[in-house]
$ cat upload-v7.cif   # mmCIF, C-alpha atoms; chains and numbers go by the auth columns
data_input
#
loop_
_atom_site.group_PDB
_atom_site.id
_atom_site.type_symbol
_atom_site.label_atom_id
_atom_site.label_comp_id
_atom_site.label_asym_id
_atom_site.label_seq_id
_atom_site.Cartn_x
_atom_site.Cartn_y
_atom_site.Cartn_z
_atom_site.B_iso_or_equiv
_atom_site.auth_seq_id
_atom_site.auth_asym_id
ATOM 1 C CA MET A 1 -53.807 15.733 -114.782 0.00 1 A
ATOM 2 C CA THR A 2 -52.178 12.439 -114.030 0.00 2 A
ATOM 3 C CA LEU A 3 -48.498 12.099 -113.406 0.00 3 A
ATOM 4 C CA LYS A 4 -46.528 8.919 -113.774 0.00 4 A
ATOM 5 C CA LYS A 5 -44.736 7.570 -110.721 0.00 5 A
ATOM 6 C CA GLU A 6 -41.360 8.100 -112.433 0.00 6 A
ATOM 7 C CA ASN A 7 -42.130 11.782 -112.980 0.00 7 A
ATOM 8 C CA LEU A 8 -43.177 12.193 -109.375 0.00 8 A
ATOM 9 C CA THR A 9 -39.909 10.553 -108.336 0.00 9 A
ATOM 10 C CA GLN A 10 -38.002 12.991 -110.546 0.00 10 A
ATOM 11 C CA LEU A 11 -39.807 15.940 -108.958 0.00 11 A
ATOM 12 C CA LYS A 12 -38.897 14.631 -105.515 0.00 12 A
ATOM 13 C CA GLN A 13 -35.256 14.182 -106.532 0.00 13 A
ATOM 14 C CA LEU A 14 -35.094 17.713 -107.928 0.00 14 A
ATOM 15 C CA HIS A 15 -36.692 19.040 -104.747 0.00 15 A
ATOM 16 C CA GLN A 16 -34.046 17.230 -102.688 0.00 16 A
ATOM 17 C CA GLN A 17 -31.225 18.586 -104.847 0.00 17 A
ATOM 18 C CA LEU A 18 -32.535 22.123 -104.415 0.00 18 A
ATOM 19 C CA ASP A 19 -32.954 21.509 -100.695 0.00 19 A
ATOM 20 C CA ASP A 20 -29.344 20.379 -100.434 0.00 20 A
ATOM 21 C CA GLU A 21 -28.087 23.387 -102.398 0.00 21 A
ATOM 22 C CA ALA A 22 -30.155 25.792 -100.275 0.00 22 A
ATOM 23 C CA ASP A 23 -28.781 24.182 -97.112 0.00 23 A
ATOM 24 C CA GLU A 24 -25.233 24.507 -98.401 0.00 24 A
ATOM 25 C CA LEU A 25 -25.703 28.186 -99.210 0.00 25 A
ATOM 26 C CA SER A 26 -27.405 28.942 -95.897 0.00 26 A
ATOM 27 C CA LEU A 27 -24.430 27.532 -93.979 0.00 27 A
ATOM 28 C CA ARG A 28 -22.045 30.077 -95.466 0.00 28 A
ATOM 29 C CA ARG A 29 -21.199 33.142 -93.443 0.00 29 A
ATOM 30 C CA PHE A 30 -21.254 35.417 -96.464 0.00 30 A
ATOM 31 C CA LEU A 31 -22.999 35.189 -99.817 0.00 31 A
ATOM 32 C CA THR A 32 -22.170 37.250 -102.842 0.00 32 A
ATOM 33 C CA PRO A 33 -25.088 39.157 -104.377 0.00 33 A
ATOM 34 C CA ASN A 34 -25.336 36.475 -107.087 0.00 34 A
ATOM 35 C CA GLU A 35 -25.370 33.695 -104.491 0.00 35 A
ATOM 36 C CA THR A 36 -28.039 35.546 -102.517 0.00 36 A
ATOM 37 C CA GLN A 37 -30.212 35.784 -105.627 0.00 37 A
ATOM 38 C CA ARG A 38 -29.595 32.113 -106.381 0.00 38 A
ATOM 39 C CA TRP A 39 -30.561 31.172 -102.799 0.00 39 A
ATOM 40 C CA LYS A 40 -33.809 33.151 -103.065 0.00 40 A
ATOM 41 C CA LYS A 41 -34.693 31.553 -106.404 0.00 41 A
ATOM 42 C CA ILE A 42 -33.938 28.075 -105.048 0.00 42 A
ATOM 43 C CA LYS A 43 -36.238 28.652 -102.085 0.00 43 A
ATOM 44 C CA ILE A 44 -39.090 29.777 -104.342 0.00 44 A
ATOM 45 C CA LEU A 45 -38.622 26.921 -106.811 0.00 45 A
ATOM 46 C CA ARG A 46 -38.355 24.433 -103.957 0.00 46 A
ATOM 47 C CA LEU A 47 -41.657 25.680 -102.537 0.00 47 A
ATOM 48 C CA HIS A 48 -43.370 25.387 -105.924 0.00 48 A
ATOM 49 C CA LEU A 49 -42.047 21.855 -106.344 0.00 49 A
ATOM 50 C CA LYS A 50 -43.238 20.887 -102.885 0.00 50 A
ATOM 51 C CA GLU A 51 -46.715 22.177 -103.674 0.00 51 A
ATOM 52 C CA GLU A 52 -46.760 20.322 -106.987 0.00 52 A
ATOM 53 C CA ILE A 53 -45.598 17.091 -105.344 0.00 53 A
ATOM 54 C CA GLU A 54 -48.287 17.396 -102.672 0.00 54 A
ATOM 55 C CA TYR A 55 -50.932 18.079 -105.323 0.00 55 A
ATOM 56 C CA TYR A 56 -50.027 14.983 -107.340 0.00 56 A
ATOM 57 C CA GLU A 57 -49.761 12.795 -104.245 0.00 57 A
ATOM 58 C CA LEU A 58 -53.229 13.921 -103.180 0.00 58 A
ATOM 59 C CA GLU A 59 -54.552 13.305 -106.685 0.00 59 A
ATOM 60 C CA ARG A 60 -53.081 9.791 -106.681 0.00 60 A
ATOM 61 C CA ALA A 61 -54.553 9.068 -103.252 0.00 61 A
ATOM 62 C CA LEU A 62 -58.008 10.175 -104.373 0.00 62 A
ATOM 63 C CA ASN A 63 -57.840 8.063 -107.529 0.00 63 A
ATOM 64 C CA TYR A 64 -57.150 4.824 -105.647 0.00 64 A
#

$ encode --input "upload-v7.cif" --output "structure tokens"
Amino acid sequence: MTLKKENLTQLKQLHQQLDDEADELSLRRFLTPNETQRWKKIKILRLHLKEEIEYYELERALNY
């Protein structure tokens, strides 16, 4: 599956936004139960995005 450069850029931007939000939450001394759940979901989604980005970057490198 090929991915356009713009889409890859969007994935990277979303990953960075999630990274920033996770960092912000992790700096707090206390998280509510909802914030804790949000932090866990962000970490999982961020990992999936990172894997997807790496997959598409590898695919692009192999196609050149």

$ residues_around --input "upload-v7.cif" --residues "Lys43 in chain A" --least-positions-apart "3" --cutoff "9 Å" --atoms "all atoms listed in the file" --output "ChimeraX atom specification"
/A:18-19,22,38-40,46-48

$ closest_residue --input "upload-v7.cif" --among "A:Leu25, A:Gln13, A:Glu54, A:Leu8" --to "Ile42 in chain A" --atoms "only C-alpha atoms"
A:Leu25

$ resolve_selection --input "upload-v7.cif" --expression "the PyMOL selection byres ((chain A and resi 53) around 12)" --output "ChimeraX atom specification"
/A:2-5,7-16,46-52,54-60

$ write_last_selection --input "upload-v7.cif" --atoms "C-alpha atoms" --output "mmCIF file, in the frame of the given file"
data_model
loop_
_atom_site.group_PDB
_atom_site.id
_atom_site.type_symbol
_atom_site.label_atom_id
_atom_site.label_comp_id
_atom_site.auth_asym_id
_atom_site.auth_seq_id
_atom_site.Cartn_x
_atom_site.Cartn_y
_atom_site.Cartn_z
ATOM 1 C CA THR A 2 -52.178 12.439 -114.030
ATOM 2 C CA LEU A 3 -48.498 12.099 -113.406
ATOM 3 C CA LYS A 4 -46.528 8.919 -113.774
ATOM 4 C CA LYS A 5 -44.736 7.570 -110.721
ATOM 5 C CA ASN A 7 -42.130 11.782 -112.980
ATOM 6 C CA LEU A 8 -43.177 12.193 -109.375
ATOM 7 C CA THR A 9 -39.909 10.553 -108.336
ATOM 8 C CA GLN A 10 -38.002 12.991 -110.546
ATOM 9 C CA LEU A 11 -39.807 15.940 -108.958
ATOM 10 C CA LYS A 12 -38.897 14.631 -105.515
ATOM 11 C CA GLN A 13 -35.256 14.182 -106.532
ATOM 12 C CA LEU A 14 -35.094 17.713 -107.928
ATOM 13 C CA HIS A 15 -36.692 19.040 -104.747
ATOM 14 C CA GLN A 16 -34.046 17.230 -102.688
ATOM 15 C CA ARG A 46 -38.355 24.433 -103.957
ATOM 16 C CA LEU A 47 -41.657 25.680 -102.537
ATOM 17 C CA HIS A 48 -43.370 25.387 -105.924
ATOM 18 C CA LEU A 49 -42.047 21.855 -106.344
ATOM 19 C CA LYS A 50 -43.238 20.887 -102.885
ATOM 20 C CA GLU A 51 -46.715 22.177 -103.674
ATOM 21 C CA GLU A 52 -46.760 20.322 -106.987
ATOM 22 C CA GLU A 54 -48.287 17.396 -102.672
ATOM 23 C CA TYR A 55 -50.932 18.079 -105.323
ATOM 24 C CA TYR A 56 -50.027 14.983 -107.340
ATOM 25 C CA GLU A 57 -49.761 12.795 -104.245
ATOM 26 C CA LEU A 58 -53.229 13.921 -103.180
ATOM 27 C CA GLU A 59 -54.552 13.305 -106.685
ATOM 28 C CA ARG A 60 -53.081 9.791 -106.681
#

$ axis_aligned_box --input "upload-v7.cif" --around "range 18-28 of chain A" --padding-each-side "3 Å" --output "AutoDock Vina command-line options"
--center_x -27.5 --center_y 25.2 --center_z -99.2 --size_x 16.9 --size_y 15.7 --size_z 16.4

$ atom_distance --input "upload-v7.cif" --atom1 "CA of Pro33 in chain A" --atom2 "CA of Asp20 in chain A"
19.7 Å

$ atom_distance --input "upload-v7.cif" --atom1 "CA of Leu62 in chain A" --atom2 "CA of Gln17 in chain A"
28.1 Å

$ atom_distance --input "upload-v7.cif" --atom1 "CA of Arg28 in chain A" --atom2 "CA of Leu45 in chain A"
20.3 Å

$ build_atoms --input "upload-v7.cif" --residues "range 13-44 of chain A" --atoms "N, CA and C atoms" --output "compact mmCIF listing (two decimals), in the frame of the given file"
# COMPACT_ATOMS: atom_id res chain seq x y z
N GLN A 13 -36.72 14.12 -106.48
CA GLN A 13 -35.26 14.18 -106.53
C GLN A 13 -34.78 15.61 -106.77
N LEU A 14 -35.45 16.31 -107.67
CA LEU A 14 -35.09 17.71 -107.93
C LEU A 14 -35.32 18.55 -106.68
N HIS A 15 -36.42 18.32 -105.99
CA HIS A 15 -36.69 19.04 -104.75
C HIS A 15 -35.57 18.79 -103.75
N GLN A 16 -35.12 17.56 -103.63
CA GLN A 16 -34.05 17.23 -102.69
C GLN A 16 -32.73 17.90 -103.08
N GLN A 17 -32.44 17.93 -104.38
CA GLN A 17 -31.22 18.59 -104.85
C GLN A 17 -31.26 20.08 -104.50
N LEU A 18 -32.40 20.70 -104.74
CA LEU A 18 -32.53 22.12 -104.42
C LEU A 18 -32.44 22.34 -102.91
N ASP A 19 -33.02 21.44 -102.14
CA ASP A 19 -32.95 21.51 -100.70
C ASP A 19 -31.50 21.44 -100.22
N ASP A 20 -30.75 20.52 -100.79
CA ASP A 20 -29.34 20.38 -100.43
C ASP A 20 -28.55 21.64 -100.79
N GLU A 21 -28.81 22.18 -101.98
CA GLU A 21 -28.09 23.39 -102.40
C GLU A 21 -28.45 24.58 -101.51
N ALA A 22 -29.72 24.71 -101.16
CA ALA A 22 -30.16 25.79 -100.28
C ALA A 22 -29.50 25.65 -98.91
N ASP A 23 -29.44 24.43 -98.40
CA ASP A 23 -28.78 24.18 -97.11
C ASP A 23 -27.31 24.57 -97.17
N GLU A 24 -26.65 24.19 -98.25
CA GLU A 24 -25.23 24.51 -98.40
C GLU A 24 -25.01 26.02 -98.41
N LEU A 25 -25.85 26.73 -99.15
CA LEU A 25 -25.70 28.19 -99.21
C LEU A 25 -26.02 28.84 -97.87
N SER A 26 -27.01 28.32 -97.16
CA SER A 26 -27.40 28.94 -95.90
C SER A 26 -26.36 28.73 -94.80
N LEU A 27 -25.48 27.76 -94.97
CA LEU A 27 -24.43 27.53 -93.98
C LEU A 27 -23.24 28.49 -94.12
N ARG A 28 -23.17 29.15 -95.24
CA ARG A 28 -22.04 30.08 -95.47
C ARG A 28 -22.24 31.35 -94.64
N ARG A 29 -21.14 31.90 -94.21
CA ARG A 29 -21.20 33.14 -93.44
C ARG A 29 -21.53 34.33 -94.33
N PHE A 30 -21.06 34.30 -95.56
CA PHE A 30 -21.25 35.42 -96.46
C PHE A 30 -21.64 34.88 -97.84
N LEU A 31 -22.61 35.52 -98.44
CA LEU A 31 -23.00 35.19 -99.82
C LEU A 31 -22.79 36.41 -100.69
N THR A 32 -22.28 36.16 -101.88
CA THR A 32 -22.17 37.25 -102.84
C THR A 32 -23.59 37.63 -103.27
N PRO A 33 -23.76 38.79 -103.89
CA PRO A 33 -25.09 39.16 -104.38
C PRO A 33 -25.68 38.10 -105.32
N ASN A 34 -24.85 37.52 -106.18
CA ASN A 34 -25.34 36.48 -107.09
C ASN A 34 -25.77 35.23 -106.32
N GLU A 35 -25.00 34.86 -105.30
CA GLU A 35 -25.37 33.70 -104.49
C GLU A 35 -26.65 33.96 -103.70
N THR A 36 -26.81 35.19 -103.24
CA THR A 36 -28.04 35.55 -102.52
C THR A 36 -29.25 35.42 -103.43
N GLN A 37 -29.12 35.90 -104.66
CA GLN A 37 -30.21 35.78 -105.63
C GLN A 37 -30.49 34.32 -105.94
N ARG A 38 -29.44 33.53 -106.11
CA ARG A 38 -29.60 32.11 -106.38
C ARG A 38 -30.32 31.43 -105.22
N TRP A 39 -29.94 31.76 -103.98
CA TRP A 39 -30.56 31.17 -102.80
C TRP A 39 -32.06 31.50 -102.75
N LYS A 40 -32.40 32.75 -103.06
CA LYS A 40 -33.81 33.15 -103.06
C LYS A 40 -34.60 32.40 -104.13
N LYS A 41 -34.02 32.27 -105.32
CA LYS A 41 -34.69 31.55 -106.40
C LYS A 41 -34.87 30.07 -106.07
N ILE A 42 -33.86 29.48 -105.45
CA ILE A 42 -33.94 28.08 -105.05
C ILE A 42 -35.08 27.88 -104.06
N LYS A 43 -35.18 28.78 -103.09
CA LYS A 43 -36.24 28.65 -102.08
C LYS A 43 -37.62 28.73 -102.72
N ILE A 44 -37.80 29.63 -103.67
CA ILE A 44 -39.09 29.78 -104.34
C ILE A 44 -39.39 28.54 -105.18
